[in-house]
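File shown here: input_23.pdb, holding PDB, C-alpha atoms.
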ATOM      1  CA  MET A1364      10.042 -22.130 -10.753
ATOM      2  CA  SER A1365      12.815 -19.546 -10.658
ATOM      3  CA  ASN A1366      11.686 -15.948 -10.773
ATOM      4  CA  PRO A1367      13.435 -13.587 -13.203
ATOM      5  CA  ILE A1368      15.790 -10.787 -12.250
ATOM      6  CA  LEU A1369      13.707  -7.620 -12.105
ATOM      7  CA  ILE A1370      16.235  -5.147 -10.700
ATOM      8  CA  GLU A1371      20.014  -4.866 -11.055
ATOM      9  CA  VAL A1372      22.266  -2.811  -8.799
ATOM     10  CA  THR A1373      25.536  -1.713 -10.355
ATOM     11  CA  ARG A1374      28.736  -0.316  -8.899
ATOM     12  CA  GLY A1375      31.231   1.041 -11.352
ATOM     13  CA  PRO A1376      31.091  -1.116 -14.499
ATOM     14  CA  LEU A1377      29.792  -4.256 -12.743
ATOM     15  CA  VAL A1378      26.452  -5.606 -11.587
ATOM     16  CA  GLU A1379      26.933  -5.922  -7.830
ATOM     17  CA  SER A1380      23.520  -7.238  -6.750
ATOM     18  CA  VAL A1381      20.295  -8.484  -8.301
ATOM     19  CA  HIS A1382      16.709  -8.798  -7.091
ATOM     20  CA  THR A1383      14.384 -11.470  -8.457
ATOM     21  CA  GLY A1384      10.622 -11.418  -8.246
ATOM     22  CA  ALA A1385       7.272 -11.852  -9.944
ATOM     23  CA  ILE A1386       4.807  -9.451 -11.588
ATOM     24  CA  ALA A1387       1.206  -9.650 -12.739
ATOM     25  CA  ILE A1388      -0.444  -6.917 -14.825
ATOM     26  CA  VAL A1389      -4.135  -7.391 -15.563
ATOM     27  CA  SER A1390      -6.808  -5.537 -17.530
ATOM     28  CA  ALA A1391     -10.287  -5.412 -16.014
ATOM     29  CA  THR A1392     -11.757  -6.141 -19.439
ATOM     30  CA  ALA A1393      -9.056  -7.996 -21.392
ATOM     31  CA  GLY A1394      -7.602 -10.153 -18.607
ATOM     32  CA  PRO A1395      -3.874 -10.857 -18.078
ATOM     33  CA  LEU A1396      -1.534  -8.535 -19.957
ATOM     34  CA  LEU A1397       1.819  -9.546 -18.474
ATOM     35  CA  THR A1398       2.997 -12.361 -16.246
ATOM     36  CA  MET A1399       6.584 -12.657 -15.059
ATOM     37  CA  GLY A1400       7.692 -15.344 -12.640
ATOM     38  CA  ASN A1401       5.493 -17.427 -10.380
ATOM     39  CA  THR A1402       2.339 -15.353 -10.040
ATOM     40  CA  CYS A1403       0.259 -18.323  -8.849
ATOM     41  CA  LYS A1404       2.041 -18.683  -5.502
ATOM     42  CA  PRO A1405       0.145 -17.158  -2.544
ATOM     43  CA  VAL A1406       1.780 -13.926  -1.386
ATOM     44  CA  PHE A1407       0.920 -11.832   1.658
ATOM     45  CA  PRO A1408      -0.127  -8.405   0.318
ATOM     46  CA  ARG A1409       0.694  -6.731   3.645
ATOM     47  CA  SER A1410       0.016  -2.984   3.611
ATOM     48  CA  ALA A1411      -0.507  -2.876  -0.160
ATOM     49  CA  ILE A1412      -4.220  -3.587   0.456
ATOM     50  CA  LYS A1413      -4.876  -0.974   3.134
ATOM     51  CA  ALA A1414      -7.353   0.787   0.847
ATOM     52  CA  ILE A1415      -9.304  -2.474   0.574
ATOM     53  CA  GLN A1416      -9.231  -2.849   4.349
ATOM     54  CA  ALA A1417     -10.620   0.697   4.527
ATOM     55  CA  LEU A1418     -13.637  -0.032   2.306
ATOM     56  CA  PRO A1419     -15.922  -0.733   5.315
ATOM     57  CA  LEU A1420     -15.074   2.708   6.720
ATOM     58  CA  ILE A1421     -16.738   4.279   3.692
ATOM     59  CA  GLU A1422     -19.405   1.690   2.925
ATOM     60  CA  SER A1423     -20.738   1.529   6.480
ATOM     61  CA  GLY A1424     -21.272   5.285   6.648
ATOM     62  CA  ALA A1425     -18.770   5.660   9.500
ATOM     63  CA  ALA A1426     -16.586   8.165   7.636
ATOM     64  CA  GLU A1427     -19.605  10.353   6.904
ATOM     65  CA  ARG A1428     -20.980  10.072  10.431
ATOM     66  CA  TYR A1429     -17.729  11.197  12.031
ATOM     67  CA  GLY A1430     -17.031  13.944   9.511
ATOM     68  CA  TYR A1431     -13.923  12.398   8.009
ATOM     69  CA  GLY A1432     -12.564  14.375   5.070
ATOM     70  CA  ASP A1433      -9.752  13.672   2.636
ATOM     71  CA  ALA A1434      -7.072  13.800   5.330
ATOM     72  CA  GLN A1435      -8.693  11.243   7.618
ATOM     73  CA  ILE A1436      -9.653   8.916   4.767
ATOM     74  CA  ALA A1437      -6.169   9.086   3.245
ATOM     75  CA  LEU A1438      -4.622   8.270   6.615
ATOM     76  CA  ALA A1439      -6.853   5.193   6.868
ATOM     77  CA  CYS A1440      -5.084   3.931   3.717
ATOM     78  CA  ALA A1441      -1.612   4.959   4.856
ATOM     79  CA  SER A1442       1.730   3.537   5.851
ATOM     80  CA  HIS A1443       2.831   6.891   7.200
ATOM     81  CA  THR A1444       6.115   8.269   8.463
ATOM     82  CA  GLY A1445       4.891   9.400  11.878
ATOM     83  CA  THR A1446       5.147  13.162  11.478
ATOM     84  CA  ARG A1447       3.271  15.497  13.805
ATOM     85  CA  ARG A1448       0.554  15.943  11.173
ATOM     86  CA  HIS A1449       0.148  12.190  10.776
ATOM     87  CA  THR A1450      -0.253  11.659  14.508
ATOM     88  CA  GLN A1451      -2.551  14.645  14.946
ATOM     89  CA  ILE A1452      -4.915  13.402  12.258
ATOM     90  CA  ALA A1453      -4.920   9.897  13.729
ATOM     91  CA  GLN A1454      -5.828  11.394  17.107
ATOM     92  CA  ALA A1455      -8.551  13.522  15.490
ATOM     93  CA  MET A1456     -10.050  10.411  13.902
ATOM     94  CA  LEU A1457     -10.265   8.808  17.322
ATOM     95  CA  ASP A1458     -11.624  11.935  18.998
ATOM     96  CA  ALA A1459     -14.440  12.247  16.458
ATOM     97  CA  ALA A1460     -15.625   8.739  17.295
ATOM     98  CA  GLY A1461     -15.230   9.136  21.055
ATOM     99  CA  LEU A1462     -12.174   6.891  21.154
ATOM    100  CA  ALA A1463      -8.689   7.128  22.653
ATOM    101  CA  ALA A1464      -5.185   6.239  21.521
ATOM    102  CA  THR A1465      -5.178   3.475  24.129
ATOM    103  CA  ASP A1466      -7.968   1.780  22.146
ATOM    104  CA  LEU A1467      -5.573   1.193  19.246
ATOM    105  CA  GLY A1468      -4.242  -2.329  18.879
ATOM    106  CA  CYS A1469      -1.366  -1.604  16.492
ATOM    107  CA  GLY A1470       1.409  -1.154  19.046
ATOM    108  CA  ALA A1471       4.031   1.588  19.176
ATOM    109  CA  HIS A1472       7.199   1.973  17.148
ATOM    110  CA  THR A1473       9.664   4.743  16.312
ATOM    111  CA  PRO A1474       8.410   6.894  13.404
ATOM    112  CA  LEU A1475       9.426   5.516  10.006
ATOM    113  CA  GLY A1476      10.484   8.950   8.840
ATOM    114  CA  ALA A1477      14.033   9.887   9.794
ATOM    115  CA  LYS A1478      13.117  13.519  10.458
ATOM    116  CA  ALA A1479      10.037  12.573  12.468
ATOM    117  CA  ALA A1480      12.080  10.133  14.531
ATOM    118  CA  LYS A1481      14.768  12.764  15.139
ATOM    119  CA  ASP A1482      12.187  15.396  16.102
ATOM    120  CA  LEU A1483      10.581  13.013  18.584
ATOM    121  CA  TRP A1484      13.957  12.126  20.094
ATOM    122  CA  ARG A1485      14.939  15.788  20.403
ATOM    123  CA  SER A1486      11.665  16.584  22.152
ATOM    124  CA  GLY A1487      12.340  13.887  24.719
ATOM    125  CA  GLY A1488       9.146  12.095  23.751
ATOM    126  CA  GLU A1489       8.556   8.369  23.439
ATOM    127  CA  PRO A1490       6.853   6.673  20.479
ATOM    128  CA  THR A1491       3.154   5.997  20.970
ATOM    129  CA  GLN A1492       0.668   3.960  19.005
ATOM    130  CA  LEU A1493      -0.156   7.124  17.066
ATOM    131  CA  HIS A1494       3.360   6.993  15.588
ATOM    132  CA  ASN A1495       2.757   3.483  14.254
ATOM    133  CA  ASN A1496       2.616   3.691  10.467
ATOM    134  CA  CYS A1497      -0.718   1.828  10.597
ATOM    135  CA  SER A1498      -2.433   4.046  13.187
ATOM    136  CA  GLY A1499      -4.773   5.562  10.592
ATOM    137  CA  LYS A1500      -5.925   2.146   9.413
ATOM    138  CA  HIS A1501      -6.583   1.051  12.987
ATOM    139  CA  ALA A1502      -8.356   4.306  13.852
ATOM    140  CA  GLY A1503     -10.598   3.807  10.829
ATOM    141  CA  MET A1504     -11.440   0.249  11.858
ATOM    142  CA  LEU A1505     -12.229   1.331  15.405
ATOM    143  CA  ALA A1506     -14.474   4.120  14.114
ATOM    144  CA  THR A1507     -16.251   1.630  11.867
ATOM    145  CA  ALA A1508     -16.782  -0.744  14.788
ATOM    146  CA  ARG A1509     -18.131   2.097  16.936
ATOM    147  CA  HIS A1510     -20.492   3.158  14.137
ATOM    148  CA  LEU A1511     -21.754  -0.417  13.615
ATOM    149  CA  ASP A1512     -22.184  -0.861  17.367
ATOM    150  CA  ILE A1513     -20.000  -3.957  17.454
ATOM    151  CA  PRO A1514     -17.422  -4.648  20.199
ATOM    152  CA  LEU A1515     -14.263  -2.559  20.176
ATOM    153  CA  GLN A1516     -12.367  -5.121  22.224
ATOM    154  CA  GLY A1517     -10.286  -7.432  20.057
ATOM    155  CA  TYR A1518     -11.266  -5.654  16.836
ATOM    156  CA  TRP A1519      -7.969  -6.825  15.333
ATOM    157  CA  GLN A1520      -8.581 -10.543  15.866
ATOM    158  CA  PRO A1521      -9.493 -12.723  12.848
ATOM    159  CA  SER A1522     -12.744 -13.871  14.459
ATOM    160  CA  HIS A1523     -13.965 -10.328  15.176
ATOM    161  CA  PRO A1524     -16.853  -9.035  13.005
ATOM    162  CA  MET A1525     -14.623  -6.196  11.774
ATOM    163  CA  GLN A1526     -12.008  -8.553  10.360
ATOM    164  CA  ARG A1527     -14.643 -10.971   9.088
ATOM    165  CA  ARG A1528     -16.119  -8.104   7.082
ATOM    166  CA  VAL A1529     -12.720  -7.263   5.611
ATOM    167  CA  LEU A1530     -12.110 -10.921   4.741
ATOM    168  CA  ASP A1531     -15.541 -11.285   3.139
ATOM    169  CA  THR A1532     -14.842  -8.209   1.003
ATOM    170  CA  ILE A1533     -11.466  -9.520  -0.167
ATOM    171  CA  GLN A1534     -12.962 -12.917  -0.996
ATOM    172  CA  GLU A1535     -15.848 -11.304  -2.873
ATOM    173  CA  LEU A1536     -13.532  -9.106  -4.939
ATOM    174  CA  SER A1537     -10.976 -11.815  -5.694
ATOM    175  CA  GLY A1538     -13.205 -14.853  -5.995
ATOM    176  CA  VAL A1539     -10.600 -16.697  -3.916
ATOM    177  CA  GLU A1540     -11.527 -18.610  -0.783
ATOM    178  CA  LEU A1541      -9.093 -17.643   1.960
ATOM    179  CA  GLY A1542      -8.671 -19.757   5.073
ATOM    180  CA  LEU A1543      -6.332 -20.242   7.988
ATOM    181  CA  ASP A1544      -3.881 -22.059   5.718
ATOM    182  CA  VAL A1545      -3.018 -18.712   4.072
ATOM    183  CA  MET A1546      -3.483 -16.379   7.045
ATOM    184  CA  GLY A1547      -0.718 -14.600   8.892
ATOM    185  CA  PHE A1548      -0.510 -11.526  11.117
ATOM    186  CA  ASP A1549       0.830  -8.210   9.930
ATOM    187  CA  GLY A1550       3.325  -6.167  11.931
ATOM    188  CA  CYS A1551       0.432  -4.172  13.366
ATOM    189  CA  SER A1552      -1.253  -7.419  14.537
ATOM    190  CA  LEU A1553      -4.071  -7.425  11.962
ATOM    191  CA  PRO A1554      -4.731 -10.629   9.997
ATOM    192  CA  ASN A1555      -3.367 -10.726   6.459
ATOM    193  CA  TRP A1556      -4.355 -13.319   3.870
ATOM    194  CA  ALA A1557      -2.026 -14.521   1.118
ATOM    195  CA  MET A1558      -3.250 -14.862  -2.451
ATOM    196  CA  PRO A1559      -1.682 -15.170  -5.907
ATOM    197  CA  LEU A1560      -0.361 -12.027  -7.582
ATOM    198  CA  ASP A1561      -2.651 -12.753 -10.542
ATOM    199  CA  ASP A1562      -5.668 -12.340  -8.272
ATOM    200  CA  MET A1563      -4.273  -9.271  -6.514
ATOM    201  CA  ALA A1564      -3.686  -7.527  -9.842
ATOM    202  CA  SER A1565      -7.178  -8.464 -11.014
ATOM    203  CA  VAL A1566      -8.725  -7.047  -7.823
ATOM    204  CA  PHE A1567      -6.952  -3.716  -8.312
ATOM    205  CA  ALA A1568      -7.918  -3.600 -11.998
ATOM    206  CA  LYS A1569     -11.565  -3.982 -10.968
ATOM    207  CA  LEU A1570     -11.352  -1.483  -8.118
ATOM    208  CA  VAL A1571      -9.581   1.343  -9.929
ATOM    209  CA  SER A1572     -11.903   1.036 -12.926
ATOM    210  CA  GLY A1573     -15.102   0.108 -11.095
ATOM    211  CA  THR A1574     -15.570  -2.715 -13.593
ATOM    212  CA  GLY A1575     -17.090  -6.084 -12.728
ATOM    213  CA  ILE A1576     -17.711  -5.367  -9.034
ATOM    214  CA  ASP A1577     -20.601  -4.307  -6.828
ATOM    215  CA  GLN A1578     -21.142  -0.590  -7.249
ATOM    216  CA  ARG A1579     -20.955   0.029  -3.509
ATOM    217  CA  HIS A1580     -17.342  -1.202  -3.635
ATOM    218  CA  ALA A1581     -16.649   0.847  -6.771
ATOM    219  CA  ALA A1582     -18.030   4.047  -5.248
ATOM    220  CA  ALA A1583     -16.216   3.537  -1.952
ATOM    221  CA  PHE A1584     -12.877   2.826  -3.615
ATOM    222  CA  LYS A1585     -13.294   5.872  -5.836
ATOM    223  CA  ARG A1586     -13.725   7.965  -2.684
ATOM    224  CA  LEU A1587     -10.634   6.384  -1.119
ATOM    225  CA  MET A1588      -8.525   7.083  -4.207
ATOM    226  CA  ALA A1589      -9.734  10.674  -4.362
ATOM    227  CA  ALA A1590      -8.647  11.198  -0.768
ATOM    228  CA  CYS A1591      -5.215   9.708  -1.425
ATOM    229  CA  TRP A1592      -4.722  11.919  -4.477
ATOM    230  CA  ALA A1593      -5.829  14.973  -2.479
ATOM    231  CA  GLU A1594      -3.526  14.163   0.459
ATOM    232  CA  PRO A1595      -0.679  12.041  -0.973
ATOM    233  CA  GLU A1596       1.813  13.011   1.729
ATOM    234  CA  LEU A1597      -0.455  11.467   4.350
ATOM    235  CA  VAL A1598      -0.469   8.112   2.511
ATOM    236  CA  ALA A1599       3.288   7.687   2.886
ATOM    237  CA  GLY A1600       5.551  10.697   3.396
ATOM    238  CA  LYS A1601       7.794  13.223   1.748
ATOM    239  CA  GLY A1602      10.000  11.647  -0.905
ATOM    240  CA  ARG A1603       8.393   8.212  -0.778
ATOM    241  CA  ALA A1604       7.261   6.668  -4.074
ATOM    242  CA  ASP A1605       3.538   6.446  -3.283
ATOM    243  CA  THR A1606       3.420  10.090  -2.266
ATOM    244  CA  VAL A1607       5.548  11.397  -5.133
ATOM    245  CA  VAL A1608       3.735   9.516  -7.883
ATOM    246  CA  MET A1609       0.196  10.193  -6.675
ATOM    247  CA  ALA A1610       1.037  13.869  -6.116
ATOM    248  CA  ASN A1611       2.225  14.163  -9.711
ATOM    249  CA  LEU A1612      -0.280  11.860 -11.416
ATOM    250  CA  PRO A1613      -3.547  12.330  -9.498
ATOM    251  CA  GLY A1614      -6.474  10.526 -11.069
ATOM    252  CA  ARG A1615      -4.152   8.457 -13.211
ATOM    253  CA  VAL A1616      -2.095   6.286 -10.855
ATOM    254  CA  PHE A1617      -3.050   4.706  -7.547
ATOM    255  CA  MET A1618      -0.277   2.727  -5.862
ATOM    256  CA  LYS A1619       0.508   1.356  -2.441
ATOM    257  CA  THR A1620       3.546  -0.387  -1.033
ATOM    258  CA  GLY A1621       3.556  -3.306   1.368
ATOM    259  CA  ALA A1622       6.269  -4.788   3.550
ATOM    260  CA  GLU A1623       8.557  -7.551   2.277
ATOM    261  CA  GLY A1624       8.790  -6.265  -1.277
ATOM    262  CA  VAL A1625       5.121  -6.109  -2.279
ATOM    263  CA  TYR A1626       3.500  -3.425  -4.416
ATOM    264  CA  CYS A1627      -0.021  -3.128  -5.788
ATOM    265  CA  GLY A1628      -1.814  -0.452  -7.739
ATOM    266  CA  GLY A1629      -3.681   0.479 -10.853
ATOM    267  CA  PHE A1630      -4.426   2.977 -13.574
ATOM    268  CA  PRO A1631      -8.103   4.043 -13.576
ATOM    269  CA  GLU A1632      -8.256   5.482 -17.082
ATOM    270  CA  LEU A1633      -6.727   2.302 -18.508
ATOM    271  CA  GLY A1634      -8.598  -0.170 -16.315
ATOM    272  CA  ILE A1635      -5.325  -1.890 -15.427
ATOM    273  CA  GLY A1636      -4.108  -3.301 -12.125
ATOM    274  CA  PHE A1637      -0.706  -4.623 -11.110
ATOM    275  CA  ALA A1638       0.811  -6.600  -8.266
ATOM    276  CA  LEU A1639       4.413  -7.581  -7.636
ATOM    277  CA  LYS A1640       6.583  -9.315  -5.068
ATOM    278  CA  ILE A1641      10.351  -9.133  -4.705
ATOM    279  CA  ASP A1642      11.772 -12.423  -3.462
ATOM    280  CA  ASP A1643      14.221 -10.938  -0.965
ATOM    281  CA  GLY A1644      11.698  -8.388   0.324
ATOM    282  CA  THR A1645      13.730  -5.237  -0.339
ATOM    283  CA  THR A1646      11.971  -1.919  -0.787
ATOM    284  CA  ARG A1647      14.500  -0.511  -3.244
ATOM    285  CA  ALA A1648      13.636  -3.348  -5.615
ATOM    286  CA  SER A1649       9.854  -3.271  -5.133
ATOM    287  CA  ALA A1650       9.718   0.511  -5.547
ATOM    288  CA  GLY A1651      12.078   0.305  -8.521
ATOM    289  CA  THR A1652       9.946  -2.343 -10.219
ATOM    290  CA  ALA A1653       6.723  -0.454  -9.491
ATOM    291  CA  MET A1654       8.239   2.694 -10.964
ATOM    292  CA  SER A1655       9.300   0.776 -14.080
ATOM    293  CA  ILE A1656       5.687  -0.282 -14.570
ATOM    294  CA  VAL A1657       4.319   3.212 -13.958
ATOM    295  CA  GLU A1658       6.902   4.772 -16.276
ATOM    296  CA  HIS A1659       5.987   2.322 -19.048
ATOM    297  CA  PHE A1660       2.399   3.546 -19.065
ATOM    298  CA  PHE A1661       3.094   7.193 -18.195
ATOM    299  CA  ALA A1662       6.190   8.752 -19.702
ATOM    300  CA  GLU A1663       5.762  11.824 -17.502
ATOM    301  CA  ALA A1664       6.574   9.661 -14.466
ATOM    302  CA  LYS A1665      10.179   9.227 -15.613
ATOM    303  CA  GLY A1666      12.610  11.030 -13.346
ATOM    304  CA  LEU A1667      10.115  11.637 -10.543
ATOM    305  CA  MET A1668      11.991   9.468  -8.048
ATOM    306  CA  HIS A1669      15.613   9.901  -9.246
ATOM    307  CA  ARG A1670      15.843   6.247  -8.285
ATOM    308  CA  ASP A1671      18.485   5.158 -10.719
ATOM    309  CA  ILE A1672      21.599   6.850  -9.273
ATOM    310  CA  LEU A1673      23.580   5.602  -6.275
ATOM    311  CA  LYS A1674      25.831   8.172  -4.634
ATOM    312  CA  SER A1675      28.546   8.122  -2.002
ATOM    313  CA  TRP A1676      28.156  10.136   1.180
ATOM    314  CA  THR A1677      30.060  12.969  -0.523
ATOM    315  CA  GLY A1678      27.721  12.995  -3.517
ATOM    316  CA  ILE A1679      29.853  11.095  -5.997
ATOM    317  CA  GLU A1680      27.866   8.892  -8.401
ATOM    318  CA  VAL A1681      29.001   5.326  -7.758
ATOM    319  CA  GLY A1682      26.355   3.110  -9.335
ATOM    320  CA  THR A1683      22.783   2.623 -10.445
ATOM    321  CA  ILE A1684      19.580   0.802  -9.586
ATOM    322  CA  ARG A1685      18.004  -0.218 -12.866
ATOM    323  CA  SER A1686      15.471  -2.521 -14.451
ATOM    324  CA  GLY A1687      16.924  -5.874 -15.422
ATOM    325  CA  PRO A1688      16.992  -6.964 -19.083
ATOM    326  CA  ALA A1689      14.090  -9.388 -18.590
ATOM    327  CA  LEU A1690      11.871  -6.656 -17.139
ATOM    328  CA  LYS A1691      12.807  -4.187 -19.877
ATOM    329  CA  LYS A1692      12.021  -6.757 -22.563
ATOM    330  CA  ALA A1693       8.733  -7.781 -21.012
ATOM    331  CA  LEU A1694       7.507  -4.201 -20.645
ATOM    332  CA  ALA A1695       8.668  -3.285 -24.159
ATOM    333  CA  GLY A1696       6.545  -6.112 -25.517
ATOM    334  CA  LEU A1697       3.479  -5.166 -23.497
ATOM    335  CA  LYS A1698       0.712  -3.980 -25.784
ATOM    336  CA  LEU A1699      -2.671  -2.661 -24.697
TER     337      LEU A1699
END
Structure encoded using structure tokens:
Amino acid sequence: MSNPILIEVTRGPLVESVHTGAIAIVSATAGPLLTMGNTCKPVFPRSAIKAIQALPLIESGAAERYGYGDAQIALACASHTGTRRHTQIAQAMLDAAGLAATDLGCGAHTPLGAKAAKDLWRSGGEPTQLHNNCSGKHAGMLATARHLDIPLQGYWQPSHPMQRRVLDTIQELSGVELGLDVMGFDGCSLPNWAMPLDDMASVFAKLVSGTGIDQRHAAAFKRLMAACWAEPELVAGKGRADTVVMANLPGRVFMKTGAEGVYCGGFPELGIGFALKIDDGTTRASAGTAMSIVEHFFAEAKGLMHRDILKSWTGIEVGTIRSGPALKKALAGLKL
């Protein structure tokens, strides 16, 4: 099955590049609202499900025990840019639980944010595990393990009780049995399980609305969303889509990007969840498609990202990044 073109990139009067992909939009009460492309094929959600991976942090009582507020909880859901504030909060999460940066199993990489990377280089410093965009997620998992009095060693391995708890939660929410045949490892070494976009969208519809799920999950996810809306810059970084949209539409839109062109999110007041995957894995296309979906439901989101104009290095407008005809038509025909 060939996936439709979701995003077109123009230069001058011509379409220079296209990005194909698949989308699922689901209502927690009415079921599927929109399906484009192959939404039955298992897809790795990558970092788009960090808030789901953070559910045990809240549900276990670890966040309360260690005094985590909005900042720490938001960072546990984050793919951050490695600024000083990001790393300081990650370190504070570890300190509160009597842990150290060396306990992290995410590995080190240069900060994702250009300014943060430049600042680190200018200071003569080297990247640490705190700069890893997933350090908050890992710190939250370590704190949860410490609180539950389970081994810290190997907390990132699929067989560890921490990861078994995450897997059990995902299977419970999705109703999908996930085994080794759909398991891979994320860039931060945590296990990641692939599932159809239809199921991902359904999970987010349930979570953002609190409909059709155990109330402990609903309450915990509500707390996670509240933290992300209170501290949107910690979830991603200045100028990034997740941060910009949640800063401008708190309480109305929850969204999270994942590597390789994945995006998931939902609209609490509408009880709707969405999931998408861009075939070639490009962020410009996944963010562009996610914004098209958000803008369809919330007119006030239009123009937030200024995503549609391509400029030369001197500021001349040279092209656009726009929704493809198939995506425009599908969204125009989407009725609640």
Give as a PyMOL selection string every residue, naming chains and numbers as the document does, that has an atom within 8 Å of (1.9, -6.2, -9.3), counting only C-alpha atoms.
-> chain A and resi 1385-1388+1560+1563-1564+1625-1628+1636-1640+1653
Pick from A:Gly1468, A:Gly1488, A:Gly1682, A:Gly1651 nearest to Asp1549 in chain A, counting only C-alpha atoms =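 For Asp1549 in chain A, the nearest of the candidates is A:Gly1468.
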Expand the PyMOL selection byres ((chain A and resi 1393) around 12) into the explicit residue set it covers here, and present it as a PDB file with C-alpha atoms, in the coordinates of the input.
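This is the output file part.pdb:
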ATOM      1  CA  ILE A1388      -0.444  -6.917 -14.825  1.00  0.00           C
ATOM      2  CA  VAL A1389      -4.135  -7.391 -15.563  1.00  0.00           C
ATOM      3  CA  SER A1390      -6.808  -5.537 -17.530  1.00  0.00           C
ATOM      4  CA  ALA A1391     -10.287  -5.412 -16.014  1.00  0.00           C
ATOM      5  CA  THR A1392     -11.757  -6.141 -19.439  1.00  0.00           C
ATOM      6  CA  GLY A1394      -7.602 -10.153 -18.607  1.00  0.00           C
ATOM      7  CA  PRO A1395      -3.874 -10.857 -18.078  1.00  0.00           C
ATOM      8  CA  LEU A1396      -1.534  -8.535 -19.957  1.00  0.00           C
ATOM      9  CA  LEU A1397       1.819  -9.546 -18.474  1.00  0.00           C
ATOM     10  CA  SER A1565      -7.178  -8.464 -11.014  1.00  0.00           C
ATOM     11  CA  ALA A1568      -7.918  -3.600 -11.998  1.00  0.00           C
ATOM     12  CA  LYS A1569     -11.565  -3.982 -10.968  1.00  0.00           C
ATOM     13  CA  THR A1574     -15.570  -2.715 -13.593  1.00  0.00           C
ATOM     14  CA  GLY A1575     -17.090  -6.084 -12.728  1.00  0.00           C
ATOM     15  CA  LEU A1633      -6.727   2.302 -18.508  1.00  0.00           C
ATOM     16  CA  GLY A1634      -8.598  -0.170 -16.315  1.00  0.00           C
ATOM     17  CA  ILE A1635      -5.325  -1.890 -15.427  1.00  0.00           C
ATOM     18  CA  GLY A1636      -4.108  -3.301 -12.125  1.00  0.00           C
ATOM     19  CA  LYS A1698       0.712  -3.980 -25.784  1.00  0.00           C
ATOM     20  CA  LEU A1699      -2.671  -2.661 -24.697  1.00  0.00           C
TER      21      LEU A1699
END
Smallest atom-to-atom distance to Val1571 in chain A: which of A:Val1381, A:Ala1695, A:Ala1508, A:Ile1415, using only C-alpha atoms?
->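 Of all the options, A:Ile1415 lies closest to Val1571 in chain A.
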Applied to the shown file, which residues does the PyMOL selection byres ((chain A and resi 1657-1670) around 7) return, written as a ChimeraX atom specification?
-> /A:1604,1653-1656,1671-1672,1684,1694
Of the residues A:Gln1416, A:Cys1497, A:Gly1476, A:Gly1424, which is the one nearest to Leu1438 in chain A, using all atoms listed in the file?
-> A:Cys1497
